[in-house]
Each structure stands twice: as C-alpha cells, then as structure tokens.
Amino acid sequence: MFMDSEPRFEDITCGLESTARAPGAMITETREAIALARRFNEAVVRPYALELDRHMQEDPNYLPWDFVKEANRWGLYTLFIPKIFGGKGVNLPALSYFLEELASACTAMSNLVGVHYLGVATLTASWNIRLMNRLMRDTAEGERTGNPCLISLAITEPGAGTDVEDVELVSRAKVSCQAEKVDGGYVVNGSKIFISNGHLSTWHALICYEDLERPHETTVMLAVKTGDKGFSFGRQENKMGQKGCPASELIFEDCFVPDENVCFDRYYIERFTRASRKNKRSVEDYTMQVIDYVLSASRAGVAAFGAGVARGAYEEALEFAQETEVEGKLLINHEWAQCLLAEMYTNVSLSRLSYSETNYANGLYGMFKVLQWKPFFYYLKYVPSSIIDRFIAPLLDMDFVTWLFRKLYFDWQKDEEYQRTSGWASLAKFTSTDYGVRNSQLALEMMGRAGMRHDGRAEKHLRDSKLLQIYEGTNQLNRQNLFKCLIGRTIPAARMFEE
Amino acid sequence: MKTTVSDELKMLEEMAGDFAAKELLEDREENDKYPFGPLFEGVLTKAHDVGFFSIMLPEEMGGAADAVNAVCLVLDEVCRADASLGGIIFTNARAQEMVARAGEVEVLKKIAANAAGYAGLLIAFPSFNNPGEIENVAMVERSKDKYILSGDIEYVVLGGIADSALLPAKVKGEEGYSLFLVNLKGDGLDIGEPVLSLGLHSCPAVDMSLSDVEGKLVGQEGKGGDYFEAAVDRLSVAAAAMAAGVIKGSFVEALDYTKERVQGGREIVNWSEVRMLLSSMAVKGKVADILVDRASRSVDCGEPGWQLDSRAAALHVQEMAADATTDGIQLLGGNGYMKDYGQEKRFRDAKQIQALMGLTPMRKLKYIKRIVDGELPW
C-alpha cells in the first residue's frame, strides 16, 4: 500500500527494473554505436558543419543532399531499424547516445539523421506491421542503391503547433489538413509546415483529419510518397539555427492516398475495439496512445540533441579555456572557470541521465518493449538476416501479425504505463533542452569575443539549441504533460487545459 | 525611458524613436543578411545626418550636454528595432570616449571637422575585447618621433567601414599598452572580410594585419588600459541601454503575437503560463528602463559611485536581455525561430551585446574588486 503512494515505486525505478531485464548485449551494441558516431563525427560532421551552416546563411534554399548521401553510405538510416524490417537492428536506446554524439558536433546534422527515426517511430506507433515493413525495407533498399530513402513526420500546421501534440487540445484546434474518405483510400487537401527533413525524405508519415470540426475523433495517419500526384513541396523556412536541416512546407491538393498506405484511421480502430471484449478506450484514447508512443520515443531523441548541444558548448568552452590566457594565466586555472566548467559538465550529465531513464521506461512499458524482450532480442541478433528475410518477413504481410502487435501494444499497455513513459519523456525533453540552451549561453559568456565568431564554433550551438525548446512540443506544453501524466493523474480535482 | 528630464532630451528620444520606426523596422530582415547582402549604407548616412555618431563629441561639434544620458536614449530606441545600428553607435562612442579620456579632444574635433560622411567620422575599435585581459595588441616601434605598428588585431568593429581606427599596441617588453589612431585608408594594412558573427550582423567586425603602419599616439604611452577602463566606467550603461532596447522590442512583439495567435481554442495571451512568460519579460523591461535611466543620469551628474552604477547596470541588463529574448522567441513558438519575425535576431543580438567590453565573468570580478578595494557598494 505504501508503494502506491506518490511517487510510485515504478515511477522512480525504471533504470533499476530495466537493468535486471534488459539483454546484456545492449551494452556492447551501445559502445559500438557511440564509437561509430565518433568516427562519423571525425570523418564527416566536424569537417563540414561550419561550412554547411555558413552556406545556408548565404543560400537558405540549399538542400544538404551531399551529407544525406554520405550518412546513407555509412548506413546510418538503417542502423536502428529492426532486422525483421531489413535494418541492422541496433537497439533503440543506443540511438539516443548516437544522436548525442552527433549533436555535440552539429545539431543540424544530428537532426538530418535523427528525424528520419522520428518518422520511423511514428510509423511504428501505428503498429501497421505490413506498412512498416514495406517502408523500412525501402530505406534499406535506398541504402543498397545509394539513393537515400528517409521517412519524415508531417504533423504541424500553420494554425496548429502546440495543439497537435495532445488530443484534448486538437479537439479545439483550427486544423486545415483534411483527409476525405473515398473509395479505395483518402483524398488529402491542405498543408503542413516546419516539417524537418521534408524536402529530403521519400516517405512522409502524414497526420491529417477526416472531419476538421472533430479532429480528435477523426485522426488519420497516412504514408505519402514524394512524387505522389497532388503532393508538392512549398517553401523551406529560413531558421536561426539548425540551418543544415531543412524545415519544409508540404502541400496537398487532391492528393489520393490508397488504402494500402493508410497507417491507421478511426475505422480500423472501431473494428479493432469492437472485437475487444475488454474495450475501455475510445477512438480518442487510442489516438492519444499513438501520439504518446511517438512522443515518448521522439522526445528522448530531442533530449539527446539537448544533451549533445550542451556537450558541444561545454567542449568548445573547455578547449578555449585550455588555450587562452586571461590576465596572464591560462583560463583553465582560474577558479571561477573551473566551477563554470563543472556546472556545464553536470548539465550534460543530467541531460543524459534524463534521456536514459526515459529509454528505460520505453523499454519496460513503451515502444521498445518487444524488441528488448530477451528471447526476441537474441533471436533477431544472432539469426542471420537472410533467414529472417526468408522465413519471418513474409509473415509480416499477414493481418494477424498487425492485429497481434496492436493487441500487445494498444490493449495490453496500461494507462499508468503510457503515463509513465510519456511523463518521463517530457521531463527529459524540457530538462535537456533547457540545459542545452543554458550551456550554450555559459560557453559564450566564458569565451567572449571568440564565442561570437562563426569560425569559433560556439555561437552556432546557441542558435542550434534554441529550436530544441520549441519543437516536439514547446517546453511549456511538456511541463503540462508531465503534470498530466505523473502528478495530476491521481488528483481528482485536477483538470487539463481548462483554466 | 521612464523619466526623460529635459525638453532637449525628450526631443532627441522622440526623434530616435521616429528614426527607428521609419528607417530600421521595415528592412530589418534584409539588412541583417550582411555580409551576404549589402550594408545598409543609406541608414548609416541618415544616422550620421541626424547626429547619432556625434553625441559624445564636444558640444560645439554637435555633441549633447548630458551626453551619456543622451546616447542611452538613442540606443534604447534604436535597439528596439535593430540593434546593429546600436552596435555602430556604441562602438564609435566608445572609441571617441577613450580619445577624450586621453585628453585628446582636439583630435576628435579635427576628425569631426574633416569628416565628409559617416566613414570619416566613425572610429573603428575592437570593442568586444579588453586587451588588459586577453592580450591582442599590435607591436609598436618608436622611430624618431613616429610610432610604427605591426601585428594582427582580431575583430576590429567597424574596421571595414570607418576611415580610422583606435588600436591597442605595446612596446615589446614594456608593461601596459598604448592606444593609437590609425588611418585605415593608408598603406601596410591587410583588412579581412567581415567576420560572420552571432548577432549585430550589420555592425561588422574584421580581422586586420598591420605591417609598418604609422599610428598617432593617443594620450600617454602605456596608459591605454586606464583610458579603456575610464571609458568602460562611463559607457557601460550605454551597453545596458542597448540591451534594454532589445528587451523592450522583444516584449512588444511577443505581446502583439500572443494576442493574435490562437491555440487550445483561445488567444494564447489568455493562458496563464504564457502570461507568466510575458510578465517575466515585462518586469525585466521595466527594471532595465529604470536602471538605465537612473544610472545614465548618475554618470552625467558625476554622482558619488557613478562608475559602479554604470557597470552594474550593464552586467545586470545585459544578462536580463539574454534571458528575456529566449522567452521572446518561445512566445512565438516556431515562428519566433524564423527570420520572418524579429525575435530570433534579438536573441542573437542580446547575446552579442553581452560580450561587449570583454569577458562577462571578468567584468564581474573587476566590479567586486573595486568594492573589496574600498569603493562603496551603493
């Protein structure tokens, strides 16, 4: 009974619980992923980061295809895709460490890799196994042929930013991207903005609404392909930072999307829930669950960007302090500078701890659950891809498999489980990104003039960091989500978005 | 500002406000493209015509009576719209002030009398570094009655615009550095391309190399550090005024936006967390306003402790601006991060303004040292 009082035992021991259950081989995999990221940083990111950022300031419409092709050549776009879907199957928590490494050198480039996995996560959250298999194998094929096949998430609209992050808010939102149900699929009209990697992606997980007056009950997720009739790119935003990663406008004019490319919609959910004997959840609830699956994974990724940029700023300041004399003495030997560096180191470490804990929660209760189940993990790890492709892949096309995964992930996930992952993800997201901005500010204060110069590297971190407090839900919305998931859930009088 | 006392200053303040509205606002985004777009030379000419570069000069050369208060009023108004012009006004004022502190008012008069346009009047200066902290000075050799300068100096603000520069240099082996006026149109100078920087894009800095360039000694040999600190005493509050203007500009744009933008079914200004952010910005703007006004008048009147008034104002308001402009972007969400709005520029400019006059932590240490050494804290 004491264990049910707040904070709940399970809320504060995700790491402990996970350590006992997780496959030990994850450690080796993570070490190898970090090593690969560091090699990639040395070979590709660091030599090109400033040049790309400068180039984008001169020509905001440039698209960094060279980088994407290089990342594709290094195999980064399939590295974290499960082997059953044609990828290399490195465990998903390792993705966060990987992104931290890249972001410490360049947050824009870390986005050019990481946002693809946001698309993957979105697709995954629908648990439409057939479609997941098809799109992710396209990415694998793109790697083989040298034609990058990235996946993006298209959700933000001109009139709805924060609103699309929560079902409660979207019910009052002015959304405009409509999917009309027609024979054999949907017809989409409207536009999406601020879509990271939009121009560079082949597939787009598009969130739209069947009834614009009731978006919370009629959310539709579609897979749309670049080149589809009625789908085009609009402007590319001119951002302050993260300039190497395009934020795109996507325009849909009578764009037909066939049934086979529907990730999920209310008709499926209605059929699915009718079949469920213990049906407690509404279409809205399922929609929020899908959003929470995505955000619990993606916000850990953004937290990793935050940890990375905080670390990048710290590393620039540390280097400066080692080579600069202030009043005749190396800066590194001024007591105040040592304390400032200690604070910056701490900010990085706390950021990392927060995304790690979120990933532990995701492994126990969220998206990574099945993949980290030891028998499944080791089966996928040690059985050769050729066998998997031959014997398992064909099963993924069966309706039964999608049904099974949805049963497992939708119905068997308890409310408190997705609250825990979602609450932790929000905590990690705003904590790490606030530290990212903070460390960038501190670095510039320590470096003074040297920090102002583009060629001094540090100012870029400040410009890059600020976006992290905004996308994937503003940090204000994330604080509210934490309240909703970890505080307000047990307080009967607590209401959300109703002041 | 809150209490602009004299009619003359009131008029100056209004004029600066009109200037900002007419000349700076509309083309702000375009002007900020520098060095990838043209420099706003038309604005500089007009700013010169209305006397923004002469405020610190002797009164007979167009300077103001309460010069520090006056320059603060102008900087506050200008920086609400575009702090780049503020950076130019500030850097030039700093250079002029150092020449004046060195007792060389006649030199300033001569420059002003001979200046045909803004380039002739402006004096470039490495205004983001304190050579007494991080030594970045040229070497000087005495040759008969001439001083010959050689070496590299980084980040000379206005170095690509002004006809002359005030540069620190020292004789090898000697303590302390001296200040020299250098003709930037003369021989022996290798002036680099504008340095791409975080903020204040249209207030560009350049790296330069000098080889056997004649400089005119300003004041006494080895006293450069004294003139530098004396000018910091007087004009720290002007940096605070720049930061104050940026906070005010950011707040107004945020308030306007939050009244229009609808999320969760209502204008976002009606959500209490949004109001908390707005309130925090408004308080910072208010505190900055009172502080700059009071400190700048303290400087002009020479009130006891005016030096620390000025320095404290700078340290505090510069820091507030860096924080307030973060919220200024946040309140506009994704739009705040884009160049279509003014907030991202203010965020960058605020952090750049904080770097004026040397490392912030060292300025804090210098501040407390004076109190430890006996100056009164209030």
# chains A, B, ... in the order shown; residues from 1 in each chain; ligands from 1
call {"tool": "residues_around", "arguments": {"residues": "Thr156 (chain A)", "least_positions_apart": "6", "cutoff": "9 Å", "atoms": "only C-alpha atoms", "output": "PyMOL selection string"}}
result
chain A and resi 162-165+191-195+207
call {"tool": "write_last_selection", "arguments": {"atoms": "N, CA and C atoms", "output": "short mmCIF file (atom, residue, chain, number, x, y, z; two decimals), in the first residue's frame"}}
result
data_model
loop_
_atom_site.label_atom_id
_atom_site.label_comp_id
_atom_site.auth_asym_id
_atom_site.auth_seq_id
_atom_site.Cartn_x
_atom_site.Cartn_y
_atom_site.Cartn_z
N THR A 162 1.30 23.67 -31.03
CA THR A 162 1.10 23.00 -29.75
C THR A 162 -0.15 22.13 -29.78
N ASP A 163 -1.17 22.60 -30.45
CA ASP A 163 -2.46 21.90 -30.44
C ASP A 163 -2.40 20.46 -30.95
N VAL A 164 -1.50 20.16 -31.86
CA VAL A 164 -1.50 18.80 -32.41
C VAL A 164 -0.79 17.80 -31.51
N GLU A 165 -0.23 18.29 -30.41
CA GLU A 165 0.54 17.41 -29.53
C GLU A 165 -0.33 16.69 -28.50
N SER A 191 -2.12 21.84 -45.98
CA SER A 191 -0.66 21.94 -45.96
C SER A 191 -0.11 21.70 -44.56
N LYS A 192 1.15 21.34 -44.53
CA LYS A 192 1.88 21.13 -43.29
C LYS A 192 3.11 22.04 -43.33
N ILE A 193 3.53 22.55 -42.18
CA ILE A 193 4.74 23.39 -42.17
C ILE A 193 5.73 22.90 -41.12
N PHE A 194 6.95 23.47 -41.23
CA PHE A 194 8.04 23.17 -40.29
C PHE A 194 8.38 21.67 -40.28
N ILE A 195 8.24 20.99 -41.40
CA ILE A 195 8.48 19.55 -41.41
C ILE A 195 9.98 19.28 -41.60
N ILE A 207 -0.04 13.15 -40.68
CA ILE A 207 -1.19 13.16 -39.78
C ILE A 207 -2.20 14.16 -40.32
#
call {"tool": "residues_around", "arguments": {"residues": "region 138-151 of chain A", "least_positions_apart": "2", "cutoff": "10 Å", "atoms": "only C-alpha atoms", "output": "PyMOL selection string"}}
result
chain A and resi 65+68-79+81+85-88+112-113+115-123+132-136+153-154+197-205+223-225
call {"tool": "interface_residues", "arguments": {"of": "chain A", "to": "chain B", "cutoff": "7 Å", "atoms": "only C-alpha atoms", "output": "list in words"}}
result
Glu58, Ala160, Thr162, Asp163, Leu169, Arg172, Ala173, Glu237, Asn238, Lys239, Met240, Glu325, Val326, Glu327, Glu445, Met446, Met447, Gly448, Arg449, Met452, Arg453, His454, Glu459, Leu467 and Ile470 of chain A
call {"tool": "select_by_dssp", "arguments": {"residues": "region 169-333 of chain B", "states": "strand (DSSP E)", "output": "PyMOL selection string"}}
result
chain B and resi 169-171+178-183+189-194+205-218+262-263+266-267
call {"tool": "closest_residue", "arguments": {"among": "A:Lys243, A:Lys229, A:Arg214, A:His461", "to": "Val309 (chain A)", "atoms": "only C-alpha atoms"}}
result
A:His461
call {"tool": "residues_around", "arguments": {"residues": "Leu308 (chain B)", "least_positions_apart": "3", "cutoff": "9 Å", "atoms": "only C-alpha atoms", "output": "list in words"}}
result
Asp233, Ala295, Gly305, Arg311, Ala312, Ala313, Tyr367, Arg370, Glu375, Leu376, Pro377 and Trp378 of chain B
call {"tool": "residues_around", "arguments": {"residues": "Gly456 (chain A)", "least_positions_apart": "5", "cutoff": "9 Å", "atoms": "only C-alpha atoms", "output": "number ranges by chain"}}
result
A: 316, 450-451
call {"tool": "residues_around", "arguments": {"residues": "Val71 (chain B)", "least_positions_apart": "5", "cutoff": "10 Å", "atoms": "only C-alpha atoms", "output": "list in words"}}
result
Leu9, Leu12, Glu13, Phe52, Phe53, Ser54, Ile55, Met56, Gly63, Ala64, Asp66, Asp76, Gly86, Ile89, Phe90, Ala93, Leu235, Val237, Ala238, Ala241, Met242 and Ser296 of chain B
call {"tool": "write_last_selection", "arguments": {"atoms": "C-alpha atoms", "output": "CSV table (one decimal), in the first residue's frame"}}
result
chain,number,residue,atom,x,y,z
B,9,LEU,CA,16.5,65.0,-24.4
B,12,LEU,CA,16.1,63.5,-29.1
B,13,GLU,CA,14.3,60.5,-27.7
B,52,PHE,CA,23.8,59.7,-33.9
B,53,PHE,CA,27.6,59.4,-34.3
B,54,SER,CA,28.3,62.8,-32.7
B,55,ILE,CA,26.6,62.6,-29.3
B,56,MET,CA,29.8,62.0,-27.3
B,63,GLY,CA,27.6,66.6,-29.0
B,64,ALA,CA,25.0,66.5,-26.3
B,66,ASP,CA,24.1,65.2,-20.9
B,76,ASP,CA,17.3,52.3,-26.3
B,86,GLY,CA,23.1,50.5,-31.9
B,89,ILE,CA,26.7,54.0,-32.4
B,90,PHE,CA,28.1,52.3,-29.3
B,93,ALA,CA,31.0,56.4,-28.9
B,235,LEU,CA,29.8,53.9,-21.2
B,237,VAL,CA,25.5,52.0,-19.1
B,238,ALA,CA,25.2,52.6,-22.8
B,241,ALA,CA,20.7,50.8,-22.9
B,242,MET,CA,21.2,48.6,-26.0
B,296,SER,CA,23.0,57.3,-17.0
call {"tool": "residues_around", "arguments": {"residues": "region 478-485 of chain A", "least_positions_apart": "3", "cutoff": "7 Å", "atoms": "only C-alpha atoms", "output": "list in words"}}
result
Gln419, Arg420, Ser422, Gly423, Ser426, Leu427, Phe430, Gly473, Thr474, Asn475, Gly488 and Arg489 of chain A
call {"tool": "residues_around", "arguments": {"residues": "Gly117 (chain B)", "least_positions_apart": "6", "cutoff": "10 Å", "atoms": "only C-alpha atoms", "output": "MDAnalysis selection string"}}
result
chainID B and resid 44:46 48:49 162
call {"tool": "atom_distance", "arguments": {"atom1": "CA of Gly51 (chain B)", "atom2": "CA of Tyr118 (chain B)"}}
result
9.8 Å
call {"tool": "closest_residue", "arguments": {"among": "A:Ala443, A:Ser356, A:Phe410, A:Tyr48", "to": "Thr273 (chain A)", "atoms": "only C-alpha atoms"}}
result
A:Phe410
call {"tool": "select_by_dssp", "arguments": {"residues": "region 67-165 of chain B", "states": "helix (DSSP H, G or I)", "output": "PyMOL selection string"}}
result
chain B and resi 67-81+83-101+105-114+118-121
call {"tool": "atom_distance", "arguments": {"atom1": "CA of Glu41 (chain B)", "atom2": "CA of Cys203 (chain B)"}}
result
11.4 Å
call {"tool": "decode", "arguments": {"residues": "region 41-66 of chain B", "atoms": "N, CA, C and O atoms", "output": "short mmCIF file (atom, residue, chain, number, x, y, z; two decimals), in the first residue's frame"}}
result
data_model
loop_
_atom_site.label_atom_id
_atom_site.label_comp_id
_atom_site.auth_asym_id
_atom_site.auth_seq_id
_atom_site.Cartn_x
_atom_site.Cartn_y
_atom_site.Cartn_z
N GLU B 41 23.99 51.19 -46.10
CA GLU B 41 24.70 52.46 -46.16
C GLU B 41 23.76 53.66 -46.09
O GLU B 41 24.11 54.70 -45.53
N GLY B 42 22.57 53.51 -46.68
CA GLY B 42 21.61 54.61 -46.64
C GLY B 42 21.23 54.94 -45.20
O GLY B 42 21.14 56.12 -44.82
N VAL B 43 21.05 53.90 -44.38
CA VAL B 43 20.72 54.10 -42.97
C VAL B 43 21.87 54.81 -42.26
O VAL B 43 21.66 55.74 -41.47
N LEU B 44 23.10 54.38 -42.57
CA LEU B 44 24.27 54.98 -41.91
C LEU B 44 24.38 56.47 -42.26
O LEU B 44 24.69 57.29 -41.40
N THR B 45 24.11 56.79 -43.52
CA THR B 45 24.17 58.19 -43.92
C THR B 45 23.14 59.01 -43.16
O THR B 45 23.44 60.09 -42.64
N LYS B 46 21.93 58.46 -43.06
CA LYS B 46 20.88 59.20 -42.35
C LYS B 46 21.19 59.30 -40.85
O LYS B 46 20.95 60.33 -40.23
N ALA B 47 21.72 58.23 -40.29
CA ALA B 47 22.08 58.25 -38.86
C ALA B 47 23.15 59.29 -38.61
O ALA B 47 23.15 59.99 -37.60
N HIS B 48 24.07 59.40 -39.55
CA HIS B 48 25.11 60.42 -39.46
C HIS B 48 24.50 61.82 -39.57
O HIS B 48 24.83 62.71 -38.80
N ASP B 49 23.58 61.97 -40.51
CA ASP B 49 22.96 63.28 -40.71
C ASP B 49 22.21 63.77 -39.48
O ASP B 49 22.20 64.96 -39.18
N VAL B 50 21.55 62.82 -38.77
CA VAL B 50 20.80 63.27 -37.60
C VAL B 50 21.68 63.33 -36.34
O VAL B 50 21.19 63.69 -35.27
N GLY B 51 22.94 63.00 -36.50
CA GLY B 51 23.88 63.23 -35.40
C GLY B 51 24.08 62.08 -34.43
O GLY B 51 24.64 62.27 -33.35
N PHE B 52 23.66 60.87 -34.81
CA PHE B 52 23.82 59.74 -33.90
C PHE B 52 25.29 59.39 -33.61
O PHE B 52 25.58 58.75 -32.61
N PHE B 53 26.17 59.79 -34.50
CA PHE B 53 27.58 59.43 -34.30
C PHE B 53 28.36 60.57 -33.63
O PHE B 53 29.58 60.50 -33.49
N SER B 54 27.65 61.63 -33.25
CA SER B 54 28.33 62.81 -32.70
C SER B 54 27.98 63.08 -31.25
O SER B 54 28.46 64.05 -30.68
N ILE B 55 27.13 62.25 -30.67
CA ILE B 55 26.58 62.58 -29.34
C ILE B 55 27.67 62.76 -28.29
O ILE B 55 27.57 63.61 -27.41
N MET B 56 28.73 61.94 -28.37
CA MET B 56 29.77 62.01 -27.35
C MET B 56 30.82 63.09 -27.65
O MET B 56 31.76 63.27 -26.89
N LEU B 57 30.69 63.76 -28.77
CA LEU B 57 31.67 64.79 -29.13
C LEU B 57 31.42 66.04 -28.29
O LEU B 57 30.37 66.19 -27.68
N PRO B 58 32.41 66.95 -28.27
CA PRO B 58 32.18 68.23 -27.58
C PRO B 58 30.94 68.92 -28.15
O PRO B 58 30.62 68.73 -29.34
N GLU B 59 30.28 69.69 -27.31
CA GLU B 59 29.01 70.29 -27.71
C GLU B 59 29.10 71.11 -28.99
O GLU B 59 28.21 71.09 -29.83
N GLU B 60 30.24 71.82 -29.15
CA GLU B 60 30.36 72.66 -30.35
C GLU B 60 30.49 71.83 -31.62
O GLU B 60 30.31 72.32 -32.73
N MET B 61 30.79 70.53 -31.46
CA MET B 61 30.86 69.66 -32.63
C MET B 61 29.58 68.84 -32.79
O MET B 61 29.56 67.83 -33.48
N GLY B 62 28.53 69.24 -32.12
CA GLY B 62 27.26 68.51 -32.27
C GLY B 62 26.98 67.56 -31.14
O GLY B 62 26.00 66.82 -31.18
N GLY B 63 27.83 67.54 -30.12
CA GLY B 63 27.62 66.63 -29.00
C GLY B 63 26.51 67.12 -28.09
O GLY B 63 26.06 68.26 -28.17
N ALA B 64 26.06 66.22 -27.23
CA ALA B 64 24.96 66.55 -26.34
C ALA B 64 25.50 66.99 -24.98
O ALA B 64 26.61 66.63 -24.60
N ALA B 65 24.67 67.76 -24.27
CA ALA B 65 25.09 68.26 -22.96
C ALA B 65 25.19 67.10 -21.97
O ALA B 65 26.24 66.86 -21.38
N ASP B 66 24.09 66.39 -21.81
CA ASP B 66 24.13 65.20 -20.95
C ASP B 66 24.40 64.00 -21.84
O ASP B 66 23.50 63.23 -22.18
#
